[in-house]
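Heads up: the structure comes next, in structure tokens.
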Amino acid sequence: MTDNPGIATVRRAARWAGLALEARQLDLLEELADWLVAEAIPAGGLGPAEGSIVFSRHLADSLLFAAPWPSEQGFPSTILDIGAGVGLPGLPLAISWPSSRVTLLERSLRRTDLARRAVRILGLDNVEVAATQLGDWKTPADLLVCRGVTTPDRLRGDLQRLLSPAGVAVVGGSHSSAPTYQGFSTRQVPSNILGKPVWLLIMDKL
């Protein structure tokens, strides 16, 4: 692992989220960052200006989705990343929890092809990539994550349908102030983690 300053942001986010990352996991996250810049951005999987903020905006931000998972339960057995794109936040979570089975659900064939390439390059045998519409997916998971794809209101029905009985559903996105949605609790990430305040939405238990 190099002395890349972006790794400090990743470490900070991981600590806040309750993740204890080993050196090999940090190396893999750095490899993922390199791949995002070298391949995903030129292929249109991320915006052209994202390279300079890939560690904070994409890797560290992805790790925040682990925070609502109860630490006393260890790790979630299954994770479903809804609208995963090229694998965010699912790939960083798969690296952080190698014993979890992670499914990247994405309807775009171009993005799923990119995600599969990232899985191969990183050697992640705990990740499945599914090129499927959300409405067609039937398999529930312990942890549902969705990063800036659509509003919680539009997701609520599918989250309720796909969440296992003891599971947790977390929705994130870019917000300039604390969002409020019925049926979701809000958790603020301190501004010193990513350099700005960020909010996670956790679906309330039925």
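Chain labels A, B, ... are given in the sequence in which chains occur in the structure tokens; within each chain residues are numbered consecutively from 1, and ligands are likewise numbered from 1 in the order shown.
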Exercise: Gly18 (chain A) partners within 8 Å, only C-alpha atoms, chain neighbours under 2 positions left out, as an MDAnalysis selection string: chainID A and resid 14:16 20 66:67 71
Selection near Leu59 (chain A), 8 Å with only C-alpha atoms, sequence-local residues under 5 positions removed, as a ChimeraX atom specification: /A:10,29,33,54,88-89,92
Include all heavy atoms and write out the residues we just selected as a short mmCIF file (atom, residue, chain, number, x, y, z; two decimals), in the first residue's frame.
```cif
data_model
loop_
_atom_site.label_atom_id
_atom_site.label_comp_id
_atom_site.auth_asym_id
_atom_site.auth_seq_id
_atom_site.Cartn_x
_atom_site.Cartn_y
_atom_site.Cartn_z
N VAL A 10 -10.22 7.14 3.45
CA VAL A 10 -10.84 5.81 3.49
C VAL A 10 -10.74 5.23 4.91
O VAL A 10 -11.72 4.68 5.44
CB VAL A 10 -10.16 4.88 2.48
CG1 VAL A 10 -10.58 3.44 2.69
CG2 VAL A 10 -10.50 5.33 1.06
N LEU A 29 -8.78 -1.74 -1.97
CA LEU A 29 -9.51 -0.50 -2.18
C LEU A 29 -8.72 0.47 -3.04
O LEU A 29 -9.27 1.16 -3.90
CB LEU A 29 -9.86 0.14 -0.83
CG LEU A 29 -10.94 -0.58 -0.03
CD1 LEU A 29 -11.01 -0.04 1.40
CD2 LEU A 29 -12.31 -0.44 -0.70
N ALA A 33 -9.69 1.95 -6.71
CA ALA A 33 -9.59 3.37 -7.09
C ALA A 33 -8.82 3.52 -8.39
O ALA A 33 -9.23 4.28 -9.28
CB ALA A 33 -8.92 4.16 -5.97
N VAL A 54 -12.01 10.38 -6.29
CA VAL A 54 -12.47 9.00 -6.28
C VAL A 54 -12.39 8.38 -4.88
O VAL A 54 -13.25 7.58 -4.49
CB VAL A 54 -11.70 8.16 -7.31
CG1 VAL A 54 -10.24 7.99 -6.91
CG2 VAL A 54 -12.36 6.83 -7.54
N LEU A 88 -20.58 0.47 -6.86
CA LEU A 88 -20.50 1.33 -5.68
C LEU A 88 -21.89 1.51 -5.06
O LEU A 88 -22.81 1.89 -5.78
CB LEU A 88 -19.92 2.69 -6.07
CG LEU A 88 -18.53 2.66 -6.71
CD1 LEU A 88 -18.20 3.99 -7.35
CD2 LEU A 88 -17.47 2.27 -5.70
N PRO A 89 -22.03 1.20 -3.79
CA PRO A 89 -21.02 0.88 -2.77
C PRO A 89 -20.68 -0.60 -2.62
O PRO A 89 -19.93 -0.97 -1.73
CB PRO A 89 -21.68 1.38 -1.49
CG PRO A 89 -23.13 1.11 -1.69
CD PRO A 89 -23.38 1.38 -3.17
N PRO A 92 -16.67 -1.89 -2.47
CA PRO A 92 -15.98 -1.58 -1.21
C PRO A 92 -16.53 -2.36 -0.02
O PRO A 92 -15.77 -2.78 0.86
CB PRO A 92 -16.21 -0.07 -1.05
CG PRO A 92 -16.32 0.43 -2.45
CD PRO A 92 -17.09 -0.65 -3.16
#
```
Region 16-168 of chain A: residues DSSP assigns to strand (DSSP E or B), reported as a list of chain:residue names: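 Reading the DSSP output for region 16-168 of chain A, strand (DSSP E or B) covers A:Thr78, A:Ile79, A:Leu80, A:Asp81, A:Ile82, A:Arg101, A:Val102, A:Thr103, A:Leu104, A:Leu105, A:Val127, A:Glu128, A:Val129, A:Ala130, A:Ala141, A:Asp142, A:Leu143, A:Leu144, A:Val145, A:Cys146, A:Arg147, A:Leu163, A:Ser164, A:Pro165, A:Ala166, A:Gly167, A:Val168.
The smallest atom-to-atom distance between Leu134 (chain A) and any of A:Arg161, A:His58, A:Arg11, A:Arg116, using only C-alpha atoms, is found for A:Arg161.
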Within 9 Å of Leu124 (chain A) using only C-alpha atoms, minus same-chain residues under 3 positions, as a PyMOL selection string: chain A and resi 91+94-95+98+118-121+127
Those same residues - all heavy atoms - I'd like them written as a short mmCIF file (atom, residue, chain, number, x, y, z; two decimals), in the first residue's frame.
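As written to disk, again.cif reads:
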```cif
data_model
loop_
_atom_site.label_atom_id
_atom_site.label_comp_id
_atom_site.auth_asym_id
_atom_site.auth_seq_id
_atom_site.Cartn_x
_atom_site.Cartn_y
_atom_site.Cartn_z
N LEU A 91 -18.83 -2.99 -4.14
CA LEU A 91 -17.46 -3.53 -4.16
C LEU A 91 -16.66 -3.15 -2.91
O LEU A 91 -16.00 -4.01 -2.32
CB LEU A 91 -16.74 -3.09 -5.43
CG LEU A 91 -17.26 -3.72 -6.73
CD1 LEU A 91 -16.48 -3.18 -7.93
CD2 LEU A 91 -17.17 -5.24 -6.68
N ALA A 94 -17.89 -5.39 -0.22
CA ALA A 94 -17.42 -6.77 -0.41
C ALA A 94 -15.97 -6.92 0.03
O ALA A 94 -15.58 -7.96 0.59
CB ALA A 94 -17.58 -7.17 -1.87
N ILE A 95 -15.16 -5.91 -0.22
CA ILE A 95 -13.77 -5.94 0.23
C ILE A 95 -13.70 -5.87 1.75
O ILE A 95 -12.90 -6.56 2.39
CB ILE A 95 -13.00 -4.77 -0.41
CG1 ILE A 95 -12.83 -5.01 -1.93
CG2 ILE A 95 -11.63 -4.58 0.26
CD1 ILE A 95 -12.32 -3.80 -2.69
N PRO A 98 -15.36 -9.73 3.55
CA PRO A 98 -15.12 -10.79 2.57
C PRO A 98 -15.96 -12.04 2.78
O PRO A 98 -16.05 -12.87 1.87
CB PRO A 98 -13.62 -11.08 2.73
CG PRO A 98 -13.26 -10.57 4.09
CD PRO A 98 -14.15 -9.40 4.34
N ALA A 118 -14.18 -5.41 -12.97
CA ALA A 118 -13.59 -5.02 -11.68
C ALA A 118 -13.53 -6.22 -10.74
O ALA A 118 -12.51 -6.42 -10.04
CB ALA A 118 -14.40 -3.89 -11.05
N VAL A 119 -14.58 -7.02 -10.71
CA VAL A 119 -14.60 -8.20 -9.85
C VAL A 119 -13.46 -9.15 -10.23
O VAL A 119 -12.77 -9.70 -9.36
CB VAL A 119 -15.97 -8.91 -9.95
CG1 VAL A 119 -15.93 -10.28 -9.27
CG2 VAL A 119 -17.06 -8.04 -9.32
N ARG A 120 -13.26 -9.34 -11.54
CA ARG A 120 -12.17 -10.24 -11.99
C ARG A 120 -10.81 -9.67 -11.61
O ARG A 120 -9.93 -10.41 -11.12
CB ARG A 120 -12.26 -10.45 -13.50
CG ARG A 120 -13.43 -11.30 -13.96
CD ARG A 120 -13.24 -11.74 -15.40
NE ARG A 120 -13.13 -10.62 -16.32
CZ ARG A 120 -14.16 -10.04 -16.92
NH1 ARG A 120 -15.40 -10.45 -16.67
NH2 ARG A 120 -13.98 -9.04 -17.78
N ILE A 121 -10.62 -8.40 -11.86
CA ILE A 121 -9.32 -7.78 -11.59
C ILE A 121 -8.98 -7.85 -10.10
O ILE A 121 -7.83 -8.12 -9.72
CB ILE A 121 -9.31 -6.33 -12.09
CG1 ILE A 121 -9.29 -6.30 -13.62
CG2 ILE A 121 -8.12 -5.55 -11.54
CD1 ILE A 121 -9.47 -4.93 -14.22
N VAL A 127 -18.67 -11.87 -4.88
CA VAL A 127 -19.51 -10.88 -5.57
C VAL A 127 -20.16 -11.51 -6.79
O VAL A 127 -19.49 -12.17 -7.60
CB VAL A 127 -18.69 -9.65 -6.00
CG1 VAL A 127 -19.58 -8.65 -6.72
CG2 VAL A 127 -18.04 -9.00 -4.78
#
```
Residue nearest Gln188 (chain A) among A:His175, A:Arg12, A:Arg101, A:Arg156 (counting only C-alpha atoms): A:His175
Compile a residue-level contact table for region 98-187 of chain A against region 197-200 of chain A at a cut-off of 9 Å, reporting for every qualifying residue the shortest atom pair and its distance in Å to one decimal, with only C-alpha atoms counted, rows ordered by chain and ascending number, as CSV.
```
residue,atom,partner,partner_atom,distance
A:Val170,CA,A:Leu200,CA,6.7
A:Val171,CA,A:Leu200,CA,6.1
A:Gly172,CA,A:Leu200,CA,5.1
A:Gly173,CA,A:Trp199,CA,7.7
A:Ser174,CA,A:Val198,CA,7.4
A:His175,CA,A:Val198,CA,6.9
A:Ser176,CA,A:Pro197,CA,8.0
A:Ser177,CA,A:Pro197,CA,8.2
A:Ala178,CA,A:Trp199,CA,6.3
A:Pro179,CA,A:Trp199,CA,7.5
A:Ser185,CA,A:Leu200,CA,8.3
A:Thr186,CA,A:Leu200,CA,5.8
A:Arg187,CA,A:Leu200,CA,5.2
```
Now that the selection is made, can you save its residues with all heavy atoms as a PDB file, in the first residue's frame?
```pdb
ATOM      1  N   VAL A 170     -30.348   0.740   3.735  1.00  0.00           N
ATOM      2  CA  VAL A 170     -29.682   2.038   3.834  1.00  0.00           C
ATOM      3  C   VAL A 170     -29.697   2.711   2.466  1.00  0.00           C
ATOM      4  O   VAL A 170     -29.299   2.112   1.460  1.00  0.00           O
ATOM      5  CB  VAL A 170     -28.217   1.892   4.312  1.00  0.00           C
ATOM      6  CG1 VAL A 170     -27.602   3.267   4.559  1.00  0.00           C
ATOM      7  CG2 VAL A 170     -28.133   1.031   5.560  1.00  0.00           C
ATOM      8  N   VAL A 171     -30.157   3.948   2.447  1.00  0.00           N
ATOM      9  CA  VAL A 171     -30.201   4.729   1.216  1.00  0.00           C
ATOM     10  C   VAL A 171     -29.342   5.969   1.412  1.00  0.00           C
ATOM     11  O   VAL A 171     -29.405   6.628   2.457  1.00  0.00           O
ATOM     12  CB  VAL A 171     -31.647   5.142   0.866  1.00  0.00           C
ATOM     13  CG1 VAL A 171     -31.680   5.961  -0.429  1.00  0.00           C
ATOM     14  CG2 VAL A 171     -32.537   3.911   0.744  1.00  0.00           C
ATOM     15  N   GLY A 172     -28.523   6.300   0.433  1.00  0.00           N
ATOM     16  CA  GLY A 172     -27.687   7.491   0.503  1.00  0.00           C
ATOM     17  C   GLY A 172     -27.848   8.326  -0.745  1.00  0.00           C
ATOM     18  O   GLY A 172     -28.540   7.955  -1.695  1.00  0.00           O
ATOM     19  N   GLY A 173     -27.197   9.457  -0.739  1.00  0.00           N
ATOM     20  CA  GLY A 173     -27.252  10.346  -1.886  1.00  0.00           C
ATOM     21  C   GLY A 173     -26.657  11.684  -1.535  1.00  0.00           C
ATOM     22  O   GLY A 173     -26.211  11.907  -0.402  1.00  0.00           O
ATOM     23  N   SER A 174     -26.626  12.577  -2.474  1.00  0.00           N
ATOM     24  CA  SER A 174     -26.077  13.907  -2.236  1.00  0.00           C
ATOM     25  C   SER A 174     -27.171  14.824  -1.697  1.00  0.00           C
ATOM     26  O   SER A 174     -28.214  14.994  -2.323  1.00  0.00           O
ATOM     27  CB  SER A 174     -25.515  14.477  -3.545  1.00  0.00           C
ATOM     28  OG  SER A 174     -24.474  13.667  -4.022  1.00  0.00           O
ATOM     29  N   HIS A 175     -26.917  15.387  -0.539  1.00  0.00           N
ATOM     30  CA  HIS A 175     -27.894  16.278   0.090  1.00  0.00           C
ATOM     31  C   HIS A 175     -27.166  17.495   0.637  1.00  0.00           C
ATOM     32  O   HIS A 175     -26.096  17.373   1.242  1.00  0.00           O
ATOM     33  CB  HIS A 175     -28.622  15.573   1.236  1.00  0.00           C
ATOM     34  CG  HIS A 175     -29.355  14.334   0.812  1.00  0.00           C
ATOM     35  ND1 HIS A 175     -30.529  14.356   0.118  1.00  0.00           N
ATOM     36  CD2 HIS A 175     -29.054  13.020   0.988  1.00  0.00           C
ATOM     37  CE1 HIS A 175     -30.940  13.114  -0.110  1.00  0.00           C
ATOM     38  NE2 HIS A 175     -30.053  12.289   0.404  1.00  0.00           N
ATOM     39  N   SER A 176     -27.738  18.647   0.470  1.00  0.00           N
ATOM     40  CA  SER A 176     -27.164  19.864   1.040  1.00  0.00           C
ATOM     41  C   SER A 176     -27.671  20.116   2.449  1.00  0.00           C
ATOM     42  O   SER A 176     -27.127  20.940   3.175  1.00  0.00           O
ATOM     43  CB  SER A 176     -27.493  21.070   0.157  1.00  0.00           C
ATOM     44  OG  SER A 176     -28.897  21.200   0.006  1.00  0.00           O
ATOM     45  N   SER A 177     -28.717  19.409   2.853  1.00  0.00           N
ATOM     46  CA  SER A 177     -29.249  19.498   4.211  1.00  0.00           C
ATOM     47  C   SER A 177     -29.867  18.157   4.556  1.00  0.00           C
ATOM     48  O   SER A 177     -30.058  17.301   3.681  1.00  0.00           O
ATOM     49  CB  SER A 177     -30.293  20.619   4.313  1.00  0.00           C
ATOM     50  OG  SER A 177     -31.365  20.377   3.423  1.00  0.00           O
ATOM     51  N   ALA A 178     -30.187  17.976   5.817  1.00  0.00           N
ATOM     52  CA  ALA A 178     -30.697  16.686   6.268  1.00  0.00           C
ATOM     53  C   ALA A 178     -32.009  16.348   5.570  1.00  0.00           C
ATOM     54  O   ALA A 178     -32.968  17.119   5.643  1.00  0.00           O
ATOM     55  CB  ALA A 178     -30.900  16.711   7.781  1.00  0.00           C
ATOM     56  N   PRO A 179     -32.082  15.209   4.877  1.00  0.00           N
ATOM     57  CA  PRO A 179     -33.320  14.835   4.195  1.00  0.00           C
ATOM     58  C   PRO A 179     -34.328  14.243   5.177  1.00  0.00           C
ATOM     59  O   PRO A 179     -33.957  13.679   6.205  1.00  0.00           O
ATOM     60  CB  PRO A 179     -32.852  13.775   3.193  1.00  0.00           C
ATOM     61  CG  PRO A 179     -31.668  13.148   3.853  1.00  0.00           C
ATOM     62  CD  PRO A 179     -30.999  14.234   4.667  1.00  0.00           C
ATOM     63  N   SER A 185     -35.297   6.751   9.110  1.00  0.00           N
ATOM     64  CA  SER A 185     -34.561   7.519  10.105  1.00  0.00           C
ATOM     65  C   SER A 185     -33.317   8.104   9.450  1.00  0.00           C
ATOM     66  O   SER A 185     -32.745   7.505   8.529  1.00  0.00           O
ATOM     67  CB  SER A 185     -34.149   6.629  11.286  1.00  0.00           C
ATOM     68  OG  SER A 185     -35.286   6.061  11.899  1.00  0.00           O
ATOM     69  N   THR A 186     -32.890   9.258   9.931  1.00  0.00           N
ATOM     70  CA  THR A 186     -31.741   9.949   9.341  1.00  0.00           C
ATOM     71  C   THR A 186     -30.541   9.864  10.281  1.00  0.00           C
ATOM     72  O   THR A 186     -30.665  10.091  11.483  1.00  0.00           O
ATOM     73  CB  THR A 186     -32.082  11.430   9.090  1.00  0.00           C
ATOM     74  OG1 THR A 186     -33.246  11.503   8.267  1.00  0.00           O
ATOM     75  CG2 THR A 186     -30.936  12.135   8.388  1.00  0.00           C
ATOM     76  N   ARG A 187     -29.387   9.529   9.721  1.00  0.00           N
ATOM     77  CA  ARG A 187     -28.143   9.495  10.499  1.00  0.00           C
ATOM     78  C   ARG A 187     -27.119  10.371   9.817  1.00  0.00           C
ATOM     79  O   ARG A 187     -26.799  10.166   8.644  1.00  0.00           O
ATOM     80  CB  ARG A 187     -27.626   8.058  10.615  1.00  0.00           C
ATOM     81  CG  ARG A 187     -26.359   7.943  11.452  1.00  0.00           C
ATOM     82  CD  ARG A 187     -26.071   6.507  11.782  1.00  0.00           C
ATOM     83  NE  ARG A 187     -24.861   6.368  12.550  1.00  0.00           N
ATOM     84  CZ  ARG A 187     -24.356   5.209  12.956  1.00  0.00           C
ATOM     85  NH1 ARG A 187     -24.991   4.081  12.670  1.00  0.00           N
ATOM     86  NH2 ARG A 187     -23.230   5.153  13.652  1.00  0.00           N
TER      87      ARG A 187
END
```
Residue nearest Pro165 (chain A) among A:Ala60, A:Leu26, A:Ala141, A:Ala13 (counting only C-alpha atoms): A:Ala141
Residues of region 4-205 of chain A in alpha helix (DSSP H), written as a PyMOL selection string: chain A and resi 5-17+23-35+61-63+90-96+109-122+152-162+191-194
9 Å contact set for Asp153 (chain A), only C-alpha atoms, chain neighbours under 5 positions out, as a list in words: Tyr181, Gln182 and Gly183 of chain A
